[in-house]
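Colleague: Next comes input.cif, mmCIF, C-alpha atoms:
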```cif
data_structure
loop_
_atom_site.label_atom_id
_atom_site.label_comp_id
_atom_site.auth_asym_id
_atom_site.auth_seq_id
_atom_site.Cartn_x
_atom_site.Cartn_y
_atom_site.Cartn_z
CA MET A 1 56.71 42.14 105.87
CA ARG A 2 53.47 41.34 104.08
CA LEU A 3 55.29 39.01 101.70
CA LEU A 4 57.07 37.47 104.67
CA HIS A 5 53.78 36.55 106.35
CA PHE A 6 52.49 34.96 103.18
CA LEU A 7 55.69 33.01 102.60
CA VAL A 8 55.45 31.62 106.13
CA LEU A 9 52.00 30.27 105.30
CA LEU A 10 53.08 29.02 101.88
CA LEU A 11 56.04 27.14 103.30
CA GLY A 12 53.89 25.73 106.07
CA LEU A 13 51.45 24.29 103.56
CA ALA A 14 54.20 23.07 101.26
CA ALA A 15 55.73 21.18 104.14
CA THR A 16 52.60 19.38 105.31
CA GLN A 17 53.34 16.70 102.71
CA ALA A 18 57.13 16.64 102.29
CA MET A 19 57.23 13.63 99.99
CA ALA A 20 58.55 14.56 96.55
CA TRP A 21 58.07 11.55 94.27
CA GLY A 22 55.88 9.12 96.14
CA ASN A 23 57.85 5.87 96.30
CA HIS A 24 61.38 6.65 95.06
CA THR A 25 62.11 2.94 94.77
CA LEU A 26 59.83 2.56 91.75
CA ALA A 27 61.85 5.03 89.69
CA SER A 28 65.21 3.88 91.05
CA TYR A 29 64.82 0.28 89.88
CA ARG A 30 64.32 1.56 86.34
CA ALA A 31 67.03 4.23 86.54
CA PHE A 32 69.76 1.78 87.60
CA GLU A 33 68.82 -1.60 86.14
CA ARG A 34 70.70 -0.90 82.87
CA MET A 35 73.60 1.02 84.38
CA PRO A 36 76.57 -1.35 83.97
CA GLU A 37 78.11 -0.46 87.34
CA VAL A 38 74.91 -1.66 89.03
CA ALA A 39 73.67 -4.34 86.65
CA ASN A 40 77.05 -6.11 86.70
CA ALA A 41 77.71 -5.64 90.42
CA SER A 42 78.12 -8.77 92.53
CA SER A 43 75.48 -9.67 95.07
CA VAL A 44 76.24 -8.31 98.52
CA THR A 45 75.90 -9.73 102.01
CA ALA A 46 73.25 -8.12 104.22
CA GLU A 47 74.99 -6.66 107.26
CA PRO A 48 73.41 -5.11 110.35
CA LEU A 49 74.31 -1.47 110.94
CA GLU A 50 75.84 -2.39 114.28
CA ALA A 51 78.35 -4.73 112.60
CA PHE A 52 79.49 -2.03 110.18
CA LEU A 53 79.89 0.53 112.98
CA ARG A 54 81.79 -1.91 115.20
CA ALA A 55 84.24 -2.80 112.44
CA GLU A 56 84.89 0.75 111.22
CA GLU A 57 84.35 3.08 114.15
CA ASN A 58 87.85 4.61 113.91
CA THR A 59 87.44 5.51 110.24
CA ILE A 60 83.88 6.67 110.91
CA GLU A 61 85.13 8.99 113.64
CA ALA A 62 87.52 10.65 111.18
CA LEU A 63 84.90 10.81 108.43
CA LEU A 64 82.21 12.44 110.57
CA ALA A 65 84.72 15.05 111.75
CA SER A 66 85.51 15.84 108.10
CA GLN A 67 81.78 16.08 107.30
CA GLU A 68 81.36 18.68 110.02
CA ALA A 69 84.31 20.70 108.71
CA TRP A 70 82.85 20.56 105.19
CA ALA A 71 79.42 21.73 106.37
CA LEU A 72 80.88 24.67 108.29
CA ALA A 73 82.88 25.74 105.23
CA ASN A 74 80.24 25.19 102.55
CA LEU A 75 76.70 25.53 103.90
CA GLU A 76 75.07 28.88 104.50
CA SER A 77 73.32 29.20 107.87
CA TYR A 78 74.70 25.85 109.02
CA PRO A 79 74.35 25.38 112.81
CA GLU A 80 77.52 23.89 114.25
CA GLN A 81 77.20 20.43 115.72
CA PRO A 82 77.16 20.54 119.55
CA VAL A 83 80.55 19.30 120.71
CA GLU A 84 79.02 16.61 122.91
CA LEU A 85 77.47 14.94 119.84
CA ALA A 86 80.80 14.34 118.06
CA PHE A 87 81.39 10.65 117.35
CA HIS A 88 84.39 9.10 119.14
CA ALA A 89 85.56 5.53 118.81
CA ASP A 90 85.05 3.44 121.94
CA PRO A 91 85.49 -0.32 121.47
CA ALA A 92 84.35 -0.98 125.05
CA ARG A 93 80.77 0.24 124.60
CA THR A 94 77.80 -1.87 123.55
CA ASP A 95 76.57 -2.12 119.97
CA GLU A 96 73.41 -0.23 120.93
CA ALA A 97 75.40 2.61 122.53
CA ARG A 98 77.61 2.87 119.44
CA ARG A 99 74.57 2.92 117.16
CA GLN A 100 72.97 5.71 119.19
CA ALA A 101 76.20 7.72 119.19
CA PHE A 102 76.42 7.39 115.40
CA LEU A 103 72.83 8.44 114.72
CA MET A 104 73.07 11.39 117.08
CA ALA A 105 76.37 12.50 115.53
CA LEU A 106 74.60 12.56 112.16
CA ARG A 107 71.76 14.41 113.89
CA VAL A 108 69.08 12.08 112.56
CA ALA A 109 66.23 10.67 114.65
CA PRO A 110 67.88 8.23 117.07
CA ASN A 111 64.90 5.86 116.87
CA SER A 112 65.40 5.39 113.10
CA ARG A 113 64.96 1.73 112.23
CA PHE A 114 67.72 0.93 109.71
CA ALA A 115 66.24 -2.57 109.51
CA LEU A 116 67.46 -5.21 107.06
CA TYR A 117 64.82 -5.31 104.33
CA ILE A 118 64.14 -4.64 100.66
CA GLN A 119 61.29 -3.37 98.56
CA PRO A 120 60.85 -5.84 95.69
CA ASP A 121 60.71 -4.59 92.13
CA PRO A 122 57.03 -4.31 91.10
CA ARG A 123 58.04 -5.38 87.60
CA ASN A 124 59.32 -8.70 88.98
CA PRO A 125 56.90 -9.79 91.72
CA VAL A 126 58.17 -12.20 94.36
CA GLY A 127 56.47 -14.13 97.15
CA GLY A 128 57.08 -13.89 100.85
CA ALA A 129 55.42 -12.42 103.90
CA ASN A 130 55.29 -8.65 104.08
CA LEU A 131 57.00 -6.86 106.95
CA PRO A 132 54.77 -4.53 108.97
CA ASN A 133 55.36 -0.84 108.27
CA SER A 134 56.55 -0.32 111.85
CA VAL A 135 59.59 -2.55 111.31
CA VAL A 136 61.13 -0.10 108.84
CA ASN A 137 59.26 3.14 109.52
CA THR A 138 58.80 5.18 112.70
CA LEU A 139 56.02 7.29 111.20
CA ALA A 140 52.46 6.37 112.06
CA GLU A 141 51.36 7.37 108.55
CA LEU A 142 51.33 4.30 106.34
CA PRO A 143 53.20 4.57 103.03
CA GLY A 144 51.22 4.28 99.82
CA PRO A 145 49.89 1.01 98.38
CA ALA A 146 52.91 0.81 96.09
CA HIS A 147 55.13 0.03 99.11
CA ARG A 148 55.94 -3.54 100.09
CA PHE A 149 58.67 -4.58 102.54
CA LEU A 150 60.41 -7.97 102.73
CA ALA A 151 62.83 -8.98 105.50
CA LEU A 152 66.51 -9.77 104.96
CA LYS A 153 68.51 -11.93 107.33
CA PRO A 154 72.07 -11.06 108.35
CA GLY A 155 74.39 -12.82 105.95
CA GLU A 156 71.75 -13.19 103.23
CA GLN A 157 72.82 -12.48 99.65
CA VAL A 158 70.94 -9.69 97.90
CA SER A 159 71.39 -7.81 94.64
CA ALA A 160 73.12 -4.44 94.68
CA LEU A 161 70.20 -3.05 92.65
CA ALA A 162 67.63 -4.08 95.27
CA VAL A 163 69.65 -2.55 98.12
CA LEU A 164 70.25 0.69 96.22
CA ALA A 165 66.70 1.14 94.92
CA THR A 166 65.14 0.28 98.30
CA ALA A 167 67.30 2.80 100.17
CA THR A 168 66.35 5.70 97.89
CA ASP A 169 62.94 5.77 99.62
CA GLU A 170 64.16 5.22 103.18
CA PRO A 171 64.65 8.83 104.35
CA ASP A 172 60.86 9.20 104.20
CA TYR A 173 60.52 6.64 107.01
CA GLY A 174 61.28 8.96 109.93
CA LEU A 175 65.01 9.62 109.69
CA ASP A 176 64.54 13.41 109.61
CA VAL A 177 61.58 13.74 111.95
CA TYR A 178 61.41 16.09 114.97
CA LEU A 179 64.99 17.37 114.78
CA TRP A 180 64.25 20.95 115.98
CA GLU A 181 64.36 22.67 119.33
CA ASP A 182 60.60 23.30 119.09
CA SER A 183 59.88 19.67 118.17
CA PRO A 184 58.00 17.37 120.58
CA SER A 185 61.06 15.13 120.98
CA THR A 186 63.96 14.84 123.39
CA TRP A 187 66.59 14.76 120.67
CA GLY A 188 65.39 17.92 118.95
CA LYS A 189 66.40 19.88 122.04
CA LEU A 190 69.94 18.46 121.82
CA TYR A 191 70.74 18.76 118.11
CA GLY A 192 71.33 22.49 117.80
CA PHE A 193 69.39 23.06 114.59
CA GLY A 194 67.32 25.81 116.23
CA ALA A 195 63.61 26.35 115.69
CA GLN A 196 62.04 24.76 112.63
CA PRO A 197 62.33 27.35 109.84
CA PHE A 198 59.20 26.26 107.95
CA GLY A 199 56.59 23.57 108.27
CA ASN A 200 54.62 22.60 111.35
CA PRO A 201 56.98 21.31 114.09
CA ALA A 202 54.12 19.48 115.79
CA ILE A 203 53.38 17.24 112.78
CA ALA A 204 55.87 14.43 112.25
CA TYR A 205 55.85 14.39 108.47
CA ALA A 206 55.93 18.17 108.19
CA SER A 207 58.88 18.40 110.55
CA GLN A 208 61.20 16.79 107.99
CA ALA A 209 60.51 19.38 105.28
CA PRO A 210 63.65 21.54 105.71
CA PHE A 211 65.71 18.38 105.12
CA HIS A 212 63.75 17.39 102.00
CA MET A 213 63.16 20.73 100.24
CA ALA A 214 65.64 23.44 99.27
CA PHE A 215 64.70 26.75 97.64
CA LEU A 216 68.15 27.68 96.38
CA HIS A 217 67.28 29.88 93.39
CA GLU A 218 64.51 32.23 94.50
CA ASN A 219 64.61 35.89 93.58
CA ARG A 220 66.20 38.47 95.82
CA LEU A 221 62.86 39.82 97.06
CA VAL A 222 61.97 36.44 98.56
CA TYR A 223 65.28 36.13 100.41
CA LEU A 224 65.03 39.69 101.71
CA ALA A 225 61.49 39.16 102.96
CA ALA A 226 62.05 35.67 104.32
CA PRO A 227 65.71 34.82 104.99
CA PHE A 228 64.61 31.65 106.80
CA VAL A 229 63.92 30.15 103.35
CA LYS A 230 67.67 29.55 103.13
CA ARG A 231 67.67 27.34 106.22
CA SER A 232 67.38 23.94 104.62
CA PHE A 233 69.65 20.93 104.98
CA VAL A 234 69.20 18.81 101.85
CA LEU A 235 72.83 19.45 100.88
CA LEU A 236 74.01 18.36 104.32
CA ARG A 237 72.23 15.01 104.16
CA SER A 238 73.51 14.38 100.63
CA GLN A 239 77.09 15.00 101.72
CA GLN A 240 76.78 12.86 104.85
CA TYR A 241 75.43 9.76 103.12
CA THR A 242 77.54 10.19 99.98
CA THR A 243 80.77 10.15 101.95
CA LEU A 244 79.57 7.33 104.22
CA SER A 245 78.82 5.28 101.11
CA ALA A 246 82.31 5.85 99.70
CA LEU A 247 83.85 4.89 103.05
CA ALA A 248 81.80 1.68 103.20
CA PHE A 249 82.91 0.70 99.69
CA ARG A 250 86.56 1.48 100.46
CA THR A 251 86.52 -0.64 103.61
CA GLY A 252 84.82 -3.69 102.11
CA HIS A 253 81.25 -3.20 103.37
CA ALA A 254 79.52 -3.31 100.00
CA TYR A 255 76.03 -3.69 101.46
CA TRP A 256 76.35 -0.38 103.30
CA GLY A 257 78.09 1.16 100.30
CA TRP A 258 74.98 0.60 98.20
CA ARG A 259 72.59 1.41 101.02
CA PHE A 260 74.19 4.72 102.00
CA ALA A 261 74.37 5.58 98.29
CA GLY A 262 70.61 5.07 98.03
CA LEU A 263 70.00 7.21 101.11
CA SER A 264 72.04 10.05 99.60
CA LEU A 265 70.18 9.81 96.29
CA HIS A 266 66.83 10.35 98.00
CA TYR A 267 67.76 13.97 98.63
CA LEU A 268 69.03 14.49 95.11
CA GLN A 269 65.86 12.99 93.65
CA ASN A 270 63.76 15.28 95.86
CA LEU A 271 65.39 18.29 94.22
CA THR A 272 64.44 17.05 90.73
CA GLN A 273 60.81 17.66 91.79
CA PRO A 274 60.05 21.28 90.82
CA TYR A 275 57.72 21.80 93.78
CA HIS A 276 60.59 20.89 96.11
CA ALA A 277 63.01 23.28 94.41
CA SER A 278 60.73 26.25 93.68
CA LEU A 279 58.71 28.03 96.35
CA ALA A 280 55.84 29.23 94.18
CA PRO A 281 56.02 27.79 90.64
CA ASP A 282 52.37 28.62 90.00
CA HIS A 283 52.57 32.33 90.85
CA SER A 284 54.92 35.28 90.66
CA SER A 285 56.28 36.98 93.77
CA LEU A 286 54.19 40.03 92.86
CA ARG A 287 51.01 37.98 92.87
CA LEU A 288 51.94 36.52 96.25
CA LEU A 289 52.51 40.03 97.55
CA GLY A 290 49.14 41.13 96.18
CA ALA A 291 47.36 38.20 97.84
CA GLN A 292 48.96 38.99 101.18
CA THR A 293 48.16 42.69 100.83
CA LEU A 294 44.48 41.84 100.38
CA ALA A 295 44.63 39.49 103.34
CA LYS A 296 45.96 42.31 105.53
CA THR A 297 42.75 44.21 104.78
CA GLY A 298 40.65 41.21 105.81
CA LEU A 299 40.21 39.79 102.29
CA TYR A 300 41.69 36.31 102.69
CA GLY A 301 40.11 34.64 99.67
CA MET A 302 42.94 35.06 97.15
CA ARG A 303 45.65 34.08 99.64
CA ASN A 304 43.84 30.95 100.81
CA GLU A 305 43.07 29.90 97.25
CA LEU A 306 46.72 30.16 96.22
CA LEU A 307 47.76 28.05 99.19
CA VAL A 308 45.30 25.26 98.42
CA LEU A 309 46.02 25.25 94.69
CA ARG A 310 49.77 24.91 95.22
CA ALA A 311 49.29 21.94 97.55
CA ASN A 312 46.79 20.22 95.27
CA ARG A 313 48.93 20.62 92.16
CA ARG A 314 52.02 19.25 93.85
CA MET A 315 50.14 16.20 95.12
CA VAL A 316 48.51 15.60 91.71
CA LEU A 317 51.93 15.64 90.06
CA GLN A 318 53.33 13.20 92.62
CA LYS A 319 50.39 10.79 92.36
CA LEU A 320 50.28 10.88 88.56
CA GLN A 321 54.00 10.09 88.34
CA THR A 322 53.47 7.08 90.62
CA GLU A 323 50.50 5.83 88.61
CA LEU A 324 52.44 6.14 85.35
CA LEU A 325 55.36 4.13 86.73
CA LEU A 326 53.05 1.44 88.10
CA ARG A 327 51.24 1.27 84.76
CA ASP A 328 54.52 0.67 82.95
CA ALA A 329 55.47 -2.01 85.48
CA ALA A 330 52.09 -3.76 85.24
CA ASN A 331 52.16 -3.76 81.44
CA ARG A 332 55.74 -5.10 81.47
CA GLN A 333 56.43 -2.94 78.44
CA GLU A 334 58.83 -0.04 78.22
CA GLY A 335 56.49 2.92 78.38
CA ALA A 336 57.43 6.59 78.31
CA MET A 337 58.46 6.69 81.97
CA GLU A 338 60.68 3.64 81.72
CA LYS A 339 62.29 4.85 78.49
CA ALA A 340 63.13 8.13 80.19
CA LEU A 341 64.61 6.43 83.25
CA HIS A 342 66.62 4.04 81.09
CA ASN A 343 68.14 6.81 78.94
CA ILE A 344 71.81 6.77 79.90
CA GLU A 345 72.80 9.02 76.99
CA ARG A 346 71.50 12.10 78.81
CA ASP A 347 74.04 11.52 81.59
CA LYS A 348 76.90 12.79 79.42
CA SER A 349 75.31 16.20 78.93
CA TYR A 350 75.95 17.14 82.57
CA PRO A 351 79.22 17.84 84.40
CA ASP A 352 80.88 15.23 86.56
CA TRP A 353 79.57 14.80 90.08
CA SER A 354 80.87 17.20 92.72
CA ASP A 355 79.56 18.60 95.98
CA ARG A 356 78.23 21.59 93.98
CA TYR A 357 76.17 19.41 91.62
CA LEU A 358 72.94 19.50 93.64
CA ARG A 359 72.92 23.27 93.80
CA GLU A 360 74.31 24.22 90.41
CA VAL A 361 72.77 21.49 88.24
CA VAL A 362 69.88 19.61 89.85
CA SER A 363 68.13 22.34 91.82
CA LEU A 364 68.65 25.04 89.19
CA GLN A 365 67.23 22.82 86.46
CA ALA A 366 64.14 21.92 88.50
CA CYS A 367 63.55 25.52 89.51
CA ASN A 368 63.69 26.66 85.87
CA ALA A 369 61.25 23.91 84.87
CA ALA A 370 58.74 24.71 87.59
CA ALA A 371 56.61 27.43 85.99
CA PRO A 372 56.21 25.71 82.58
CA LEU A 373 55.38 22.44 84.31
CA ALA A 374 52.70 24.10 86.45
CA GLN A 375 51.12 25.60 83.32
CA THR A 376 51.10 22.21 81.58
CA LEU A 377 49.60 20.50 84.64
CA VAL A 378 46.76 23.00 84.80
CA ALA A 379 46.06 22.71 81.08
CA ALA A 380 46.02 18.91 81.09
CA MET A 381 44.29 17.88 84.30
CA PRO A 382 40.58 18.28 85.05
CA ALA A 383 39.97 21.72 86.50
CA ALA A 384 38.20 20.18 89.49
CA LEU A 385 41.51 18.64 90.61
CA VAL A 386 43.99 21.44 90.00
CA SER A 387 42.02 24.68 89.76
CA ASP A 388 39.29 24.30 92.39
CA PRO A 389 40.38 25.78 95.74
CA GLY A 390 37.39 24.08 97.33
CA LEU A 391 38.98 20.64 96.85
CA ASP A 392 41.37 19.13 99.41
CA PHE A 393 43.13 16.65 97.13
CA GLY A 394 45.16 15.18 99.97
CA ALA A 395 41.98 14.06 101.73
CA ARG A 396 40.68 12.29 98.63
CA ASP A 397 43.73 11.14 96.67
CA THR A 398 43.45 7.45 97.55
CA ALA A 399 39.97 7.39 96.01
CA ILE A 400 41.02 9.15 92.78
CA SER A 401 42.64 7.45 89.80
CA LEU A 402 44.36 10.19 87.84
CA LEU A 403 44.94 7.91 84.87
CA GLY A 404 41.24 7.18 84.97
CA GLU A 405 40.49 10.89 84.99
CA LEU A 406 42.75 11.44 82.00
CA GLY A 407 41.08 8.58 80.15
CA ARG A 408 37.70 10.28 80.37
CA SER A 409 38.61 12.97 77.85
CA ASP A 410 40.73 13.39 74.74
CA ASN A 411 42.44 16.60 75.82
CA PRO A 412 45.57 16.93 73.63
CA GLU A 413 47.41 18.38 76.63
CA HIS A 414 47.49 14.90 78.22
CA ALA A 415 50.35 13.81 75.99
CA ARG A 416 52.20 17.01 76.73
CA LEU A 417 51.88 16.44 80.47
CA GLU A 418 53.10 12.84 80.23
CA SER A 419 56.02 14.10 78.17
CA ALA A 420 56.82 16.73 80.80
CA ILE A 421 56.79 14.11 83.58
CA ALA A 422 58.94 11.81 81.45
CA GLU A 423 61.43 14.66 81.09
CA LEU A 424 61.55 14.98 84.87
CA MET A 425 62.18 11.23 85.12
CA LEU A 426 64.91 11.53 82.54
CA ASN A 427 66.56 14.17 84.72
CA LEU A 428 66.08 12.08 87.85
CA GLY A 429 67.74 9.07 86.23
CA ALA A 430 70.66 10.99 84.75
CA HIS A 431 71.46 12.91 87.93
CA SER A 432 71.11 9.80 90.10
CA ARG A 433 73.52 7.84 87.92
CA ASN A 434 76.03 10.69 87.76
CA ALA A 435 75.98 10.96 91.54
CA LEU A 436 76.44 7.22 91.91
CA ARG A 437 79.42 7.27 89.55
CA GLY A 438 80.98 9.93 91.73
CA ILE A 439 80.38 7.82 94.85
CA LEU A 440 81.87 4.71 93.24
CA ARG A 441 84.96 6.65 92.17
CA ALA A 442 85.42 7.96 95.70
CA GLY A 443 84.80 4.47 97.09
CA ASP A 444 87.37 2.71 94.90
CA PRO A 445 89.97 1.31 97.34
CA GLN A 446 92.63 1.58 94.64
#
```
What do you get writing this file as structure tokens?
Modeller:
Amino acid sequence: MRLLHFLVLLLGLAATQAMAWGNHTLASYRAFERMPEVANASSVTAEPLEAFLRAEENTIEALLASQEAWALANLESYPEQPVELAFHADPARTDEARRQAFLMALRVAPNSRFALYIQPDPRNPVGGANLPNSVVNTLAELPGPAHRFLALKPGEQVSALAVLATATDEPDYGLDVYLWEDSPSTWGKLYGFGAQPFGNPAIAYASQAPFHMAFLHENRLVYLAAPFVKRSFVLLRSQQYTTLSALAFRTGHAYWGWRFAGLSLHYLQNLTQPYHASLAPDHSSLRLLGAQTLAKTGLYGMRNELLVLRANRRMVLQKLQTELLLRDAANRQEGAMEKALHNIERDKSYPDWSDRYLREVVSLQACNAAAPLAQTLVAAMPAALVSDPGLDFGARDTAISLLGELGRSDNPEHARLESAIAELMLNLGAHSRNALRGILRAGDPQ
């Protein structure tokens, strides 16, 4: 029980910032721009979600029923969809009613925007007026300065790469917010997911954590002490959007084929982030137990320090990865991050895509990499940022340039850390492309 109490706190802190890789779009442009299936794809016609749903509601009805059957058969602790949420074709209803029925059948936030827009490639700047955050995002929190949104008009031609890369960041814009019975929303009471298993249900961003993190390879002690750790739904979202993408391709809706593919890849890419696949990469279960044991006697120092350090290290890793990608883009030279994301040769070393790939390949790999990565991060970064429990990095990160911090010393561990992050980007690129190949095979109408 002592470990259980500590894990509750640890998961709560981990979930306060559920973003895994900052802006996924930055990495996705590089990961796919040299993949022949994307680079050689024809431009697609921007299509409102309502038009896709109206044209294909009969096939969507059958697909969503098959998704539910798959989830019941394959996902541990999966809460069955309430029968009243099942999607049924009804050509007589309005576009808005059909859209709401679709979103609620998926059990995503029914106020999700699904606007027509792109994020331009920072390596190839373009002009145009920026869309306000609120057009694409229901969250009050503004995305980072690397985000820029440009409007698309229905019928406008747009590259498959731009649609795909843009959509890989979209699930962070409120799609998975307040979906629990203890959430401050009307829909959370209807969706049947139960109480939020970890994270703060009162905080919008934290409420999405069980859909964006999955701790699938913890030791037996953790699962015995805290069985709620298993209640995450990353695999569900991946399956939903993967199969929707294949359906859209098969039925001639290429825009939504690429866009649903990008949505599905967000969840895969989250699981390449070791802090989203490993509960406590910095510390052993025994140390967690020791910290909680001391806390039970009134000595909270060790426990609180571990909580803060885990949060700070995860945010430092996320911010440094973003800064490295933006540096490569600004220099317009293929740096270490871009080389890693471009490396298609690594793809062949993994099995073909299947609905077991996220668990057996992506998550396992990230979990195994977590402890060595944490050690490298601590050795390379200034101690004030990653080893000082008195620092709240999240409150100061916009004022801190991590590349600037690294440039102030000649620590030989810097190169090792960049290499470790490049290896994570190599994995992200390879797994994303393998998943996309699987989607395109399933979406081939022949």
Colleague: Between A:Ala162, A:Ala140, A:Leu216, A:Ala330, which residue has the minimum interatomic distance to A:Glu360, considering only C-alpha atoms?
Modeller: A:Leu216
Colleague: Let me make sure I understand: among A:Leu53, A:Leu385, A:Leu417, A:Ala371, which one has the smallest atom-to-atom distance to A:Ser401 if we use all atoms listed in the file?
Modeller: A:Leu385
Colleague: Which of these residues is nearest to A:Tyr255, using all atoms listed in the file: A:Leu26, A:Leu190, A:Ala167, A:Ala383?
Modeller: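 Ranked by minimum distance to A:Tyr255, first place goes to A:Ala167.
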Colleague: Tell me which of A:Asn427, A:Gln375, A:Ser245, A:Ser238 sits closest to A:Leu358, counting all atoms listed in the file.
Modeller: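 Among A:Asn427, A:Gln375, A:Ser245, A:Ser238, it is A:Ser238 that comes nearest to A:Leu358.
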Colleague: Atom CA of A:Asp355 and atom CA of A:His266, how far apart in Å?
Modeller: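 Between these atoms lies a distance of 15.3 Å.
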Colleague: What is the atom CA of A:His88 to atom CA of A:Val135 distance in Å?
Modeller: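 Between atom CA of A:His88 and atom CA of A:Val135 the gap works out to 28.5 Å.
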Colleague: With only C-alpha atoms as the basis for distance, which of A:Leu236, A:Leu325, A:Leu63, A:Leu131 is at the shortest distance from A:Ala27?
Modeller: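 Once distances to A:Ala27 are computed over only C-alpha atoms, the minimum belongs to A:Leu325.
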Colleague: Exactly which residues make up the result of the PyMOL selection byres ((chain A and resi 128) around 9) on this file, given as a list of chain:residue names?
Modeller: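 Checking the PyMOL selection byres ((chain A and resi 128) around 9) against this file, the residues are A:Val126, A:Gly127, A:Ala129, A:Asn130, A:Leu150, A:Ala151.
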Colleague: Taking the file as shown, find all residues satisfying the PyMOL selection byres ((chain A and resi 104) around 12) and write them as a PDB file with C-alpha atoms, in the coordinates of the input.
Modeller:
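Full text of expr28.pdb as output:
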```
ATOM      1  CA  LEU A  64      82.210  12.440 110.570  1.00  0.00           C
ATOM      2  CA  GLN A  81      77.200  20.430 115.720  1.00  0.00           C
ATOM      3  CA  PRO A  82      77.160  20.540 119.550  1.00  0.00           C
ATOM      4  CA  VAL A  83      80.550  19.300 120.710  1.00  0.00           C
ATOM      5  CA  GLU A  84      79.020  16.610 122.910  1.00  0.00           C
ATOM      6  CA  LEU A  85      77.470  14.940 119.840  1.00  0.00           C
ATOM      7  CA  ALA A  86      80.800  14.340 118.060  1.00  0.00           C
ATOM      8  CA  PHE A  87      81.390  10.650 117.350  1.00  0.00           C
ATOM      9  CA  HIS A  88      84.390   9.100 119.140  1.00  0.00           C
ATOM     10  CA  ALA A  97      75.400   2.610 122.530  1.00  0.00           C
ATOM     11  CA  ARG A  98      77.610   2.870 119.440  1.00  0.00           C
ATOM     12  CA  ARG A  99      74.570   2.920 117.160  1.00  0.00           C
ATOM     13  CA  GLN A 100      72.970   5.710 119.190  1.00  0.00           C
ATOM     14  CA  ALA A 101      76.200   7.720 119.190  1.00  0.00           C
ATOM     15  CA  PHE A 102      76.420   7.390 115.400  1.00  0.00           C
ATOM     16  CA  LEU A 103      72.830   8.440 114.720  1.00  0.00           C
ATOM     17  CA  ALA A 105      76.370  12.500 115.530  1.00  0.00           C
ATOM     18  CA  LEU A 106      74.600  12.560 112.160  1.00  0.00           C
ATOM     19  CA  ARG A 107      71.760  14.410 113.890  1.00  0.00           C
ATOM     20  CA  VAL A 108      69.080  12.080 112.560  1.00  0.00           C
ATOM     21  CA  ALA A 109      66.230  10.670 114.650  1.00  0.00           C
ATOM     22  CA  PRO A 110      67.880   8.230 117.070  1.00  0.00           C
ATOM     23  CA  ASN A 111      64.900   5.860 116.870  1.00  0.00           C
ATOM     24  CA  SER A 112      65.400   5.390 113.100  1.00  0.00           C
ATOM     25  CA  LEU A 175      65.010   9.620 109.690  1.00  0.00           C
ATOM     26  CA  ASP A 176      64.540  13.410 109.610  1.00  0.00           C
ATOM     27  CA  LEU A 179      64.990  17.370 114.780  1.00  0.00           C
ATOM     28  CA  THR A 186      63.960  14.840 123.390  1.00  0.00           C
ATOM     29  CA  TRP A 187      66.590  14.760 120.670  1.00  0.00           C
ATOM     30  CA  GLY A 188      65.390  17.920 118.950  1.00  0.00           C
ATOM     31  CA  LYS A 189      66.400  19.880 122.040  1.00  0.00           C
ATOM     32  CA  LEU A 190      69.940  18.460 121.820  1.00  0.00           C
ATOM     33  CA  TYR A 191      70.740  18.760 118.110  1.00  0.00           C
ATOM     34  CA  GLY A 192      71.330  22.490 117.800  1.00  0.00           C
TER      35      GLY A 192
END
```
Colleague: Could you tell me how far atom CA of A:Pro372 lies from atom CA of A:Glu338, in Å and to one decimal?
Modeller: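 We find that atom CA of A:Pro372 and atom CA of A:Glu338 lie 22.5 Å from each other.
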Colleague: Starting from the displayed file, determine the output of the PyMOL selection byres ((chain A and resi 181-183) around 6) and express the residue list as a list in words.
Modeller: Tyr178, Trp180, Pro184, Ser185, Gly188, Lys189, Gly194, Ala195 and Pro201 of chain A
Colleague: So which one's closest to A:Val316, A:Pro36, A:Gly390, A:Pro382, A:Gly429? Using all atoms listed in the file, please.
Modeller: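 The closest residue to A:Val316 is A:Pro382.
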Colleague: Need to verify the contact set: A:Gln446, 12 Å, all atoms listed in the file, exclusion of same-chain residues closer than 5 positions in sequence. Can you return it as a list in words?
Modeller: Phe249, Arg250, Thr251, Leu440 and Arg441 of chain A
Colleague: Write out as a PyMOL selection string the residues lying within 12 Å of A:Ala246, counting all atoms listed in the file and excluding same-chain residues fewer than 3 positions away.
Modeller: chain A and resi 59-60+63+239-243+249-262+264+435-445
